[in-house]
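K.L.:
What follows is structure-v5.txt; its format and atoms are compact mmCIF, C-alpha atoms.
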# COMPACT_ATOMS: atom_id res chain seq x y z
CA MET M 1358 -57.91 56.83 57.12
CA LYS M 1359 -59.24 54.04 55.00
CA LEU M 1360 -57.19 51.69 52.83
CA GLU M 1361 -59.39 50.29 50.09
CA LEU M 1362 -57.65 47.15 48.93
CA LYS M 1363 -59.82 46.82 45.83
CA LYS M 1364 -57.67 49.60 44.39
CA PHE M 1365 -54.90 46.99 44.08
CA GLY M 1366 -57.18 44.61 42.21
CA ALA M 1367 -59.96 42.11 42.88
CA THR M 1368 -57.45 39.26 43.02
CA LEU M 1369 -54.69 39.79 45.56
CA SER M 1370 -52.44 36.81 45.11
CA SER M 1371 -48.66 37.00 44.79
CA ARG M 1372 -45.97 38.21 47.17
CA PRO M 1373 -44.29 40.52 44.63
CA ALA M 1374 -47.67 42.18 43.95
CA ALA M 1375 -48.20 42.67 47.69
CA LYS M 1376 -44.70 44.11 48.11
CA GLU M 1377 -45.41 46.56 45.33
CA ALA M 1378 -48.74 47.50 46.90
CA TRP M 1379 -47.05 48.00 50.27
CA ALA M 1380 -44.31 50.22 48.78
CA VAL M 1381 -46.90 52.44 47.11
CA THR M 1382 -49.10 52.56 50.21
CA ARG M 1383 -46.22 53.56 52.42
CA ALA M 1384 -44.92 56.22 50.06
CA TYR M 1385 -48.13 57.85 48.93
CA ILE M 1386 -50.92 57.01 51.36
CA LEU M 1387 -49.45 56.44 54.80
CA SER M 1388 -47.25 59.50 54.42
CA ASP M 1389 -50.39 61.55 55.14
CA LYS M 1390 -51.27 59.60 58.26
CA LYS M 1391 -51.51 61.64 61.44
CA PRO M 1392 -49.96 60.16 64.60
CA SER M 1393 -52.43 57.86 66.36
CA GLU M 1394 -54.82 58.05 63.40
CA LYS M 1395 -56.41 54.67 62.81
CA ILE M 1396 -55.93 52.79 59.53
CA GLU M 1397 -59.07 50.96 58.46
CA VAL M 1398 -58.37 48.20 55.97
CA ASP M 1399 -61.38 47.74 53.73
CA PHE M 1400 -61.78 44.44 51.81
CA THR M 1401 -64.95 45.44 49.93
CA ASP M 1402 -64.92 44.07 46.36
CA VAL M 1403 -61.79 42.01 46.94
CA GLN M 1404 -62.70 38.61 45.52
CA VAL M 1405 -59.53 36.64 46.13
CA LEU M 1406 -56.99 37.10 48.91
CA THR M 1407 -54.20 34.57 49.46
CA PRO M 1408 -52.26 34.11 52.70
CA SER M 1409 -49.09 35.10 50.79
CA TRP M 1410 -50.49 38.49 49.79
CA ALA M 1411 -51.98 39.01 53.25
CA ASP M 1412 -48.72 38.06 54.93
CA GLU M 1413 -46.69 40.42 52.82
CA PHE M 1414 -49.05 43.40 53.05
CA ILE M 1415 -51.25 43.11 56.15
CA SER M 1416 -48.57 41.66 58.42
CA THR M 1417 -46.10 44.35 57.40
CA LEU M 1418 -48.72 47.04 57.95
CA LYS M 1419 -49.54 45.67 61.40
CA GLN M 1420 -45.89 45.42 62.26
CA GLU M 1421 -45.30 49.03 61.26
CA TYR M 1422 -48.41 50.35 63.04
CA PRO M 1423 -49.14 47.82 65.80
CA ASN M 1424 -51.78 49.95 67.53
CA ASP M 1425 -53.49 51.63 64.61
CA VAL M 1426 -54.62 48.93 62.19
CA ILE M 1427 -58.30 47.96 62.09
CA LEU M 1428 -59.28 45.16 59.70
CA LEU M 1429 -62.86 45.83 58.64
CA PRO M 1430 -65.06 42.71 58.56
CA SER M 1431 -65.55 40.87 55.29
CA ASP M 1432 -67.94 38.14 54.15
CA ASN M 1433 -65.50 36.83 51.56
CA ALA M 1434 -64.35 33.29 52.38
CA SER M 1435 -60.83 33.72 50.98
CA VAL M 1436 -60.35 37.00 52.86
CA LYS M 1437 -61.56 35.48 56.13
CA MET M 1438 -59.46 32.33 55.87
CA SER M 1439 -56.29 34.09 54.70
CA LEU M 1440 -56.51 36.59 57.57
CA GLU M 1441 -56.99 33.72 59.97
CA PHE M 1442 -53.81 32.06 58.68
CA VAL M 1443 -51.83 35.27 58.87
CA SER M 1444 -52.92 36.01 62.43
CA GLU M 1445 -52.01 32.45 63.49
CA ARG M 1446 -48.32 32.85 63.00
CA MET W 473 -45.89 -9.85 9.65
CA LYS W 474 -48.68 -7.34 9.17
CA THR W 475 -50.01 -8.00 12.66
CA GLU W 476 -46.52 -7.73 14.08
CA THR W 477 -45.96 -4.31 12.48
CA ARG W 478 -49.36 -3.15 13.65
CA GLN W 479 -48.56 -4.31 17.18
CA LYS W 480 -45.20 -2.55 17.00
CA ILE W 481 -46.91 0.71 15.98
CA PHE W 482 -49.45 0.29 18.76
CA GLU W 483 -46.75 -0.35 21.38
CA PHE W 484 -44.79 2.67 20.17
CA ILE W 485 -47.80 4.99 20.54
CA LYS W 486 -48.58 3.47 23.92
CA LYS W 487 -45.03 4.04 25.14
CA GLN W 488 -44.86 7.60 23.84
CA GLY W 489 -48.32 8.55 25.10
CA GLN W 490 -48.89 10.21 21.74
CA ALA W 491 -47.01 10.10 18.45
CA THR W 492 -47.02 12.07 15.22
CA PRO W 493 -47.08 10.25 11.84
CA LYS W 494 -43.46 11.31 11.26
CA GLU W 495 -42.34 9.84 14.57
CA ILE W 496 -44.04 6.57 13.72
CA VAL W 497 -42.54 6.46 10.22
CA ASP W 498 -39.07 7.20 11.62
CA PHE W 499 -39.46 4.47 14.21
CA ILE W 500 -40.81 1.71 11.98
CA SER W 501 -38.88 2.64 8.79
CA PHE W 502 -41.57 1.28 6.49
CA SER W 503 -43.21 3.16 3.68
CA PRO W 504 -45.56 5.88 4.94
CA GLN W 505 -48.41 4.40 2.86
CA MET W 506 -48.12 1.08 4.63
CA ILE W 507 -47.92 2.72 8.02
CA PHE W 508 -51.00 4.83 7.34
CA ARG W 509 -52.88 1.65 6.38
CA HIS W 510 -51.92 0.14 9.74
CA LEU W 511 -52.90 3.31 11.55
CA ALA W 512 -56.29 3.29 9.84
CA ARG W 513 -56.80 -0.33 10.85
CA LEU W 514 -55.82 0.38 14.46
CA GLN W 515 -58.32 3.25 14.49
CA ASN W 516 -61.07 1.06 13.02
CA ASP W 517 -60.38 -1.53 15.69
CA GLY W 518 -60.73 1.19 18.35
CA LYS W 519 -57.20 0.67 19.61
CA ILE W 520 -55.94 4.18 18.86
CA LYS W 521 -57.42 7.59 18.19
CA LYS W 522 -56.36 10.35 15.88
CA ALA W 523 -56.25 13.92 17.21
CA GLY W 524 -55.29 17.38 16.05
CA THR W 525 -55.61 18.92 12.62
CA SER W 526 -53.19 18.78 9.72
CA PRO W 527 -50.23 19.36 9.82
CA PHE W 528 -50.30 18.78 13.61
CA VAL W 529 -51.87 15.36 13.68
CA PHE W 530 -51.00 12.78 16.31
CA TYR W 531 -52.20 9.41 17.47
CA HIS W 532 -52.90 8.33 21.01
CA LEU W 533 -54.54 5.53 22.93
CA PRO W 534 -58.23 5.98 23.73
CA MET W 535 -58.56 7.87 26.99
CA ASP W 536 -61.36 9.60 28.75
CA SER W 537 -61.17 13.36 28.51
CA LYS W 538 -60.00 13.68 32.11
CA GLU W 539 -56.99 11.47 31.43
CA TRP W 540 -56.39 13.35 28.23
CA SER W 541 -56.39 16.63 30.09
CA THR W 542 -53.72 15.50 32.54
CA GLN W 543 -51.53 13.74 29.97
CA GLU W 544 -49.50 16.78 28.92
CA ALA W 545 -48.90 17.90 32.48
CA ILE W 546 -47.75 14.44 33.46
CA LYS W 547 -45.25 14.37 30.61
CA TRP W 548 -44.05 17.86 31.48
CA ALA W 549 -43.62 16.87 35.11
CA TYR W 550 -42.04 13.44 34.66
CA GLU W 551 -39.91 13.45 31.52
CA GLN W 552 -36.16 13.98 31.71
CA THR W 553 -36.21 16.44 28.85
CA ALA W 554 -39.01 18.97 29.00
CA PRO W 555 -41.49 18.51 26.17
CA GLU W 556 -42.57 21.60 24.31
CA LEU W 557 -45.80 22.98 25.76
CA LYS W 558 -48.69 24.66 24.03
CA LYS W 559 -48.69 28.39 24.74
CA ASP W 560 -52.16 28.02 26.24
CA TYR W 561 -50.80 26.02 29.16
CA TYR W 562 -47.34 27.45 29.58
CA CYS W 563 -46.72 30.39 31.90
CA GLN W 564 -43.05 31.15 31.46
CA THR W 565 -43.21 34.10 33.84
CA ARG W 566 -45.32 35.08 36.82
CA ASP W 567 -46.91 37.93 34.84
CA ILE W 568 -48.45 35.45 32.42
CA PHE W 569 -49.70 33.28 35.29
CA GLN W 570 -51.12 36.33 37.07
CA ALA W 571 -52.97 37.47 33.95
CA ARG W 572 -54.51 34.01 33.55
CA THR W 573 -55.55 33.71 37.18
CA ASP W 574 -57.32 37.08 37.20
CA LYS W 575 -60.22 35.65 35.24
CA LEU W 576 -60.51 32.49 37.31
CA PRO W 577 -63.16 33.63 39.82
CA LYS W 578 -65.60 34.41 37.00
CA ASP W 579 -64.92 31.08 35.24
CA PHE W 580 -65.29 29.11 38.47
CA ILE W 581 -68.54 30.89 39.39
CA ASN W 582 -69.99 29.98 35.99
CA THR W 583 -69.05 26.35 36.57
CA THR W 584 -69.83 25.85 40.25
CA ASN W 585 -72.57 28.46 40.87
CA ASN W 586 -70.84 28.94 44.20
CA GLU W 587 -69.20 32.31 44.63
CA GLN W 588 -67.36 31.67 47.88
CA LEU W 589 -65.99 28.30 46.72
CA SER W 590 -64.82 29.98 43.52
CA PHE W 591 -62.92 32.64 45.45
CA LEU W 592 -61.29 30.00 47.66
CA LEU W 593 -60.35 27.83 44.67
CA SER W 594 -58.81 30.83 42.95
CA ALA W 595 -56.76 31.52 46.08
CA VAL W 596 -55.58 27.90 46.14
CA VAL W 597 -54.48 28.13 42.50
CA GLY W 598 -52.70 31.42 43.26
CA GLU W 599 -50.86 29.91 46.21
CA ILE W 600 -49.66 26.80 44.39
CA GLY W 601 -48.65 28.60 41.19
CA ASN W 602 -46.93 31.48 42.94
CA ASN W 603 -45.06 29.04 45.17
CA SER W 604 -43.39 27.63 42.06
CA PHE W 605 -42.11 31.07 41.11
CA ASP W 606 -41.22 32.08 44.69
CA HIS W 607 -38.95 29.08 45.20
CA ASN W 608 -37.40 28.72 41.76
CA LEU W 609 -36.99 32.18 40.31
CA GLY W 610 -33.49 32.45 38.85
CA ASN W 611 -32.79 28.86 39.82
CA TRP W 612 -34.84 26.69 37.46
CA PRO W 613 -32.98 23.41 36.78
CA ASP W 614 -33.93 23.44 33.09
CA VAL W 615 -37.09 25.16 31.85
CA PRO W 616 -38.48 28.20 33.67
CA GLY W 617 -42.14 28.69 34.48
CA ILE W 618 -45.13 26.49 35.05
CA PHE W 619 -47.69 24.35 33.30
CA PHE W 620 -51.14 25.70 34.13
CA LYS W 621 -54.37 24.32 32.76
CA VAL W 622 -57.96 24.70 33.85
CA ASP W 623 -60.45 22.30 32.29
CA LEU W 624 -63.83 23.68 33.34
CA LYS W 625 -65.77 20.92 31.60
CA GLU W 626 -63.95 18.24 33.58
CA ARG W 627 -63.70 20.50 36.66
CA LEU W 628 -59.99 19.94 36.73
CA ILE W 629 -57.06 22.25 37.51
CA ILE W 630 -53.45 21.23 36.83
CA LEU W 631 -50.30 23.06 37.85
CA ALA W 632 -46.77 21.74 37.42
CA ASP W 633 -43.23 23.03 37.51
CA ARG W 634 -39.81 21.57 36.75
CA GLY W 635 -38.24 23.34 39.70
CA GLN W 636 -36.19 22.11 42.62
CA GLY W 637 -39.13 20.55 44.49
CA ILE W 638 -40.13 20.86 48.12
CA PHE W 639 -37.41 18.62 49.57
CA GLN W 640 -34.62 20.78 48.14
CA SER W 641 -36.35 23.99 49.28
CA LEU W 642 -36.88 22.87 52.85
CA LYS W 643 -33.62 20.95 53.29
CA LYS W 644 -31.70 24.23 53.27
CA ILE W 645 -33.40 25.47 56.40
CA ARG W 646 -34.02 22.12 58.06
CA PRO W 647 -31.11 19.82 57.13
CA SER W 648 -32.55 17.01 59.24
CA ILE W 649 -35.28 16.37 56.67
CA GLN W 650 -34.50 12.98 55.15
CA ASN W 651 -36.64 12.60 52.07
CA HIS W 652 -39.38 13.94 49.80
CA GLN W 653 -42.18 12.36 51.82
CA GLU W 654 -41.05 13.96 55.05
CA ALA W 655 -40.59 17.32 53.33
CA LEU W 656 -44.04 17.14 51.77
CA THR W 657 -45.65 16.21 55.08
CA ILE W 658 -43.97 19.16 56.81
CA ALA W 659 -44.97 21.52 54.00
CA PHE W 660 -48.64 20.59 54.37
CA THR W 661 -48.76 20.43 58.15
CA GLU W 662 -46.17 22.75 59.76
CA ILE W 663 -45.40 26.42 59.39
CA ILE W 664 -41.94 26.42 57.90
CA SER W 665 -40.38 28.56 55.21
CA GLY W 666 -37.76 27.77 52.61
CA ARG W 667 -37.12 31.48 52.26
CA THR W 668 -36.02 32.56 55.71
CA PRO W 669 -35.83 35.15 57.17
CA GLU W 670 -39.07 36.00 55.37
CA HIS W 671 -42.23 35.08 57.20
CA ARG W 672 -43.92 32.55 55.05
CA GLY W 673 -44.81 28.92 54.97
CA ASN W 674 -48.57 29.10 55.32
CA GLY W 675 -49.45 28.48 51.70
CA LEU W 676 -49.84 24.72 51.58
CA LYS W 677 -51.55 24.60 54.99
CA PHE W 678 -54.11 27.02 53.58
CA VAL W 679 -54.45 24.86 50.46
CA ARG W 680 -55.03 21.76 52.59
CA ARG W 681 -57.71 23.41 54.68
CA VAL W 682 -59.63 24.75 51.68
CA ILE W 683 -59.47 21.36 49.96
CA GLU W 684 -60.53 19.43 53.08
CA GLU W 685 -63.34 21.74 54.08
CA ASN W 686 -64.87 21.98 50.63
CA ASN W 687 -64.73 18.35 49.64
CA ILE W 688 -62.35 18.95 46.76
CA LYS W 689 -59.77 16.38 45.66
CA LEU W 690 -56.07 17.19 45.47
CA ARG W 691 -53.14 15.10 44.36
CA PHE W 692 -49.86 16.88 44.95
CA TYR W 693 -46.59 15.28 43.82
CA THR W 694 -42.99 16.25 44.54
CA GLY W 695 -39.98 13.96 44.05
CA ASP W 696 -41.09 10.43 44.91
CA ALA W 697 -43.79 11.58 47.34
CA LYS W 698 -47.43 12.48 46.99
CA CYS W 699 -50.08 14.05 49.15
CA VAL W 700 -53.65 12.96 48.45
CA ILE W 701 -56.53 14.89 49.97
CA GLU W 702 -59.87 13.28 49.29
CA SER W 703 -63.14 13.05 51.22
CA LYS W 704 -61.67 15.37 53.87
CA GLU W 705 -58.82 12.97 54.55
CA THR W 706 -55.13 13.71 53.92
CA LYS W 707 -52.56 11.01 53.16
CA PHE W 708 -48.83 11.24 52.49
CA LEU W 709 -47.43 8.41 50.37
CA LYS W 710 -44.32 7.33 48.52
CA THR W 711 -44.50 6.88 44.75
CA ASP W 712 -42.54 4.67 42.35
CA LYS W 713 -41.57 7.30 39.83
CA PRO W 714 -40.14 10.68 40.86
CA VAL W 715 -41.55 13.88 39.48
CA ASN W 716 -39.39 16.85 38.48
CA GLY W 717 -40.35 19.76 40.75
CA THR W 718 -44.03 19.65 41.69
CA LEU W 719 -47.30 18.57 40.12
CA ALA W 720 -50.74 19.44 41.50
CA ILE W 721 -54.02 18.03 40.20
CA ILE W 722 -57.20 19.49 41.69
CA GLU W 723 -60.64 18.04 41.00
CA PHE W 724 -63.49 20.23 42.13
Would you write out, as structure tokens, the structure that this file holds?
P.N.:
Amino acid sequence: MKLELKKFGATLSSRPAAKEAWAVTRAYILSDKKPSEKIEVDFTDVQVLTPSWADEFISTLKQEYPNDVILLPSDNASVKMSLEFVSER
Amino acid sequence: MKTETRQKIFEFIKKQGQATPKEIVDFISFSPQMIFRHLARLQNDGKIKKAGTSPFVFYHLPMDSKEWSTQEAIKWAYEQTAPELKKDYYCQTRDIFQARTDKLPKDFINTTNNEQLSFLLSAVVGEIGNNSFDHNLGNWPDVPGIFFKVDLKERLIILADRGQGIFQSLKKIRPSIQNHQEALTIAFTEIISGRTPEHRGNGLKFVRRVIEENNIKLRFYTGDAKCVIESKETKFLKTDKPVNGTLAIIEF
């Protein structure tokens, strides 16, 4: 399954917004996930990603599904750097 | 006598940063006509400038537009009693801040012609502004919310809050921290969170890296400490006058 983050907006910035996005994703999208099905996280058309948003959403997702999350590559500088910061901790 | 009064008016405006005609009249207690004559003379001599439109006129010392842009934020950050802010620059809640930051990438692209830099700058603004709300929500010492101004002409971004500041936030989880300067240094260099057990604390490290790598200038103040990032170099210094909460000035 593919998670298109642009559906949460082009600017993904605050922790409360990420928490909200995570709650919706878990309730309505991931509920359809089959066991061992991969989750592809797609950053296409996301312009701004902060480490706070990434920490709250991506880290939680990875924690919940440690073996299933695939972060699709992105050319966006804020996406790349924020993911780098989140993976560092 | 005339020169003395004029000097007194000039000193008053200088001290206040800006002053309305009523404030000047109340201070000097001369007839308004006489005061307006002095004000006109001071303007003719190039010592003061008049700004605003009636009935919201005020006088200020000549400043370049960059100084002018930061003036309000500095007052908001430093004064004991919070001055009233223009709605344009005041984000009382995170929703207002969020709505204003959503259009930033487009504005920055128009100014810098650099898409990737614009996205990074927008992320930096988001991190700093949201930090203010994350650490002070429900606990603002006096006025809630943040000052947020983007001056595209001067390529200047200013964010300020009258919150508890970084020292207070970090002291709770690391009581060994002694002062504002140490707290600020830790905030910009170590992964530490004032909101344990949540995993956070990357924000200002991210800010520092973006600023350093893209040759942007940042001055970040909290308490009596400041962090200056310029020409890819980061310095942590002590200041003479403490700021309420935090103040960030970004020049891009």
K.L.:
Quick one: which residues from chain M are at most 10 Å off chain W, using all atoms listed in the file, as a short mmCIF file (atom, residue, chain, number, x, y, z; two decimals) with C-alpha atoms, in the frame of the given file?
P.N.:
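Final output, saved to selection_13.cif:
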data_model
loop_
_atom_site.label_atom_id
_atom_site.label_comp_id
_atom_site.auth_asym_id
_atom_site.auth_seq_id
_atom_site.Cartn_x
_atom_site.Cartn_y
_atom_site.Cartn_z
CA GLY M 1366 -57.18 44.61 42.21
CA ALA M 1367 -59.96 42.11 42.88
CA THR M 1368 -57.45 39.26 43.02
CA LEU M 1369 -54.69 39.79 45.56
CA SER M 1370 -52.44 36.81 45.11
CA SER M 1371 -48.66 37.00 44.79
CA ARG M 1372 -45.97 38.21 47.17
CA PRO M 1373 -44.29 40.52 44.63
CA ALA M 1374 -47.67 42.18 43.95
CA VAL M 1403 -61.79 42.01 46.94
CA GLN M 1404 -62.70 38.61 45.52
CA VAL M 1405 -59.53 36.64 46.13
CA LEU M 1406 -56.99 37.10 48.91
CA THR M 1407 -54.20 34.57 49.46
CA PRO M 1408 -52.26 34.11 52.70
CA SER M 1409 -49.09 35.10 50.79
CA TRP M 1410 -50.49 38.49 49.79
CA ASP M 1412 -48.72 38.06 54.93
CA GLU M 1413 -46.69 40.42 52.82
CA SER M 1416 -48.57 41.66 58.42
CA ASP M 1432 -67.94 38.14 54.15
CA ASN M 1433 -65.50 36.83 51.56
CA ALA M 1434 -64.35 33.29 52.38
CA SER M 1435 -60.83 33.72 50.98
CA VAL M 1436 -60.35 37.00 52.86
CA MET M 1438 -59.46 32.33 55.87
CA SER M 1439 -56.29 34.09 54.70
CA GLU M 1441 -56.99 33.72 59.97
CA PHE M 1442 -53.81 32.06 58.68
CA VAL M 1443 -51.83 35.27 58.87
CA GLU M 1445 -52.01 32.45 63.49
CA ARG M 1446 -48.32 32.85 63.00
#
K.L.:
To one decimal place, how far is CA of Ile520 (chain W) from CA of Glu556 (chain W) in Å?
P.N.:
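Value for the CA of Ile520 (chain W)-CA of Glu556 (chain W) distance: 22.6 Å.
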K.L.:
Which one is closest to Lys1437 (chain M): M:Met1358, M:Ala1411, M:Ala1380, M:Ala1375? Count all atoms listed in the file.
P.N.:
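That would be M:Ala1411, the residue with the smallest distance to Lys1437 (chain M).
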K.L.:
Quick one: distance from CA of Val715 (chain W) to CA of Tyr550 (chain W) in Å, one decimal?
P.N.:
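Here the two named atoms are 4.9 Å from each other.
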K.L.:
Compare M:Leu1387, M:Trp1379, M:Pro1430, M:Asp1399 by their minimum atom-to-atom distance to Thr1417 (chain M), counting only C-alpha atoms, and give me the closest one.
P.N.:
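Closest to Thr1417 (chain M) of all the choices is M:Trp1379.
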K.L.:
For each of W:Lys621, W:Lys521, W:Lys643, W:Lys698, take the minimum atom-to-atom distance to Lys486 (chain W), counting only C-alpha atoms, then give the residue where this is smallest.
P.N.:
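Residue with the minimum atom-to-atom distance to Lys486 (chain W): W:Lys521.
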K.L.:
Hey, could you pull the box centre and edge lengths for region 675-678 of chain W, axis-aligned, 6 Å padding per side, all listed atoms, to one decimal in Å, as lines of an AutoDock Vina configuration file?
P.N.:
center_x = -51.8
center_y = 26.5
center_z = 53.3
size_x = 16.7
size_y = 15.9
size_z = 15.4
K.L.:
Need the shell around region 704-709 of chain W: protein/DNA/RNA residues with any atom at most 12 Å away, counting all atoms listed in the file. Skip same-chain ones fewer than 6 positions apart. Format as an MDAnalysis selection string?
P.N.:
chainID W and resid 651:661 677 679:698
K.L.:
For those residues, write C-alpha atoms to a file as an mmCIF file, keeping the file's coordinate frame.
P.N.:
data_model
loop_
_atom_site.group_PDB
_atom_site.id
_atom_site.type_symbol
_atom_site.label_atom_id
_atom_site.label_comp_id
_atom_site.auth_asym_id
_atom_site.auth_seq_id
_atom_site.Cartn_x
_atom_site.Cartn_y
_atom_site.Cartn_z
ATOM 1 C CA ASN W 651 -36.640 12.600 52.070
ATOM 2 C CA HIS W 652 -39.380 13.940 49.800
ATOM 3 C CA GLN W 653 -42.180 12.360 51.820
ATOM 4 C CA GLU W 654 -41.050 13.960 55.050
ATOM 5 C CA ALA W 655 -40.590 17.320 53.330
ATOM 6 C CA LEU W 656 -44.040 17.140 51.770
ATOM 7 C CA THR W 657 -45.650 16.210 55.080
ATOM 8 C CA ILE W 658 -43.970 19.160 56.810
ATOM 9 C CA ALA W 659 -44.970 21.520 54.000
ATOM 10 C CA PHE W 660 -48.640 20.590 54.370
ATOM 11 C CA THR W 661 -48.760 20.430 58.150
ATOM 12 C CA LYS W 677 -51.550 24.600 54.990
ATOM 13 C CA VAL W 679 -54.450 24.860 50.460
ATOM 14 C CA ARG W 680 -55.030 21.760 52.590
ATOM 15 C CA ARG W 681 -57.710 23.410 54.680
ATOM 16 C CA VAL W 682 -59.630 24.750 51.680
ATOM 17 C CA ILE W 683 -59.470 21.360 49.960
ATOM 18 C CA GLU W 684 -60.530 19.430 53.080
ATOM 19 C CA GLU W 685 -63.340 21.740 54.080
ATOM 20 C CA ASN W 686 -64.870 21.980 50.630
ATOM 21 C CA ASN W 687 -64.730 18.350 49.640
ATOM 22 C CA ILE W 688 -62.350 18.950 46.760
ATOM 23 C CA LYS W 689 -59.770 16.380 45.660
ATOM 24 C CA LEU W 690 -56.070 17.190 45.470
ATOM 25 C CA ARG W 691 -53.140 15.100 44.360
ATOM 26 C CA PHE W 692 -49.860 16.880 44.950
ATOM 27 C CA TYR W 693 -46.590 15.280 43.820
ATOM 28 C CA THR W 694 -42.990 16.250 44.540
ATOM 29 C CA GLY W 695 -39.980 13.960 44.050
ATOM 30 C CA ASP W 696 -41.090 10.430 44.910
ATOM 31 C CA ALA W 697 -43.790 11.580 47.340
ATOM 32 C CA LYS W 698 -47.430 12.480 46.990
#
K.L.:
Quick one, how far is CA of Ile1396 (chain M) from CA of Leu1428 (chain M)?
P.N.:
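Atom-to-atom, CA of Ile1396 (chain M) to CA of Leu1428 (chain M), that is 8.3 Å.
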K.L.:
Measuring between all atoms listed in the file, which one of W:Lys519, W:Gln640, W:Ile618, W:Lys713 shows the shortest distance to Leu557 (chain W)?
P.N.:
W:Ile618
K.L.:
Write out as a list in words which residues come within 6 Å of Ala632 (chain W) when counting all atoms listed in the file, dropping same-chain ones fewer than 5 positions away.
P.N.:
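Contacts, in chain order: Ile618, Phe619, Thr718 and Leu719 of chain W.
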K.L.:
Find the residues with any atom within 10 Å of (-42.2, 50.6, 52.7); use all atoms listed in the file and the coordinates as given in the file, and write the answer as an MDAnalysis selection string.
P.N.:
chainID M and resid 1376:1384 1387 1414 1417:1418 1421
K.L.:
Could you save the residues just selected, with C-alpha atoms, as a JSON list (two decimals), keeping the file's coordinate frame?
P.N.:
[["chain", "number", "residue", "atom", "x", "y", "z"],
["M", 1376, "LYS", "CA", -44.70, 44.11, 48.11],
["M", 1377, "GLU", "CA", -45.41, 46.56, 45.33],
["M", 1378, "ALA", "CA", -48.74, 47.50, 46.90],
["M", 1379, "TRP", "CA", -47.05, 48.00, 50.27],
["M", 1380, "ALA", "CA", -44.31, 50.22, 48.78],
["M", 1381, "VAL", "CA", -46.90, 52.44, 47.11],
["M", 1382, "THR", "CA", -49.10, 52.56, 50.21],
["M", 1383, "ARG", "CA", -46.22, 53.56, 52.42],
["M", 1384, "ALA", "CA", -44.92, 56.22, 50.06],
["M", 1387, "LEU", "CA", -49.45, 56.44, 54.80],
["M", 1414, "PHE", "CA", -49.05, 43.40, 53.05],
["M", 1417, "THR", "CA", -46.10, 44.35, 57.40],
["M", 1418, "LEU", "CA", -48.72, 47.04, 57.95],
["M", 1421, "GLU", "CA", -45.30, 49.03, 61.26]]
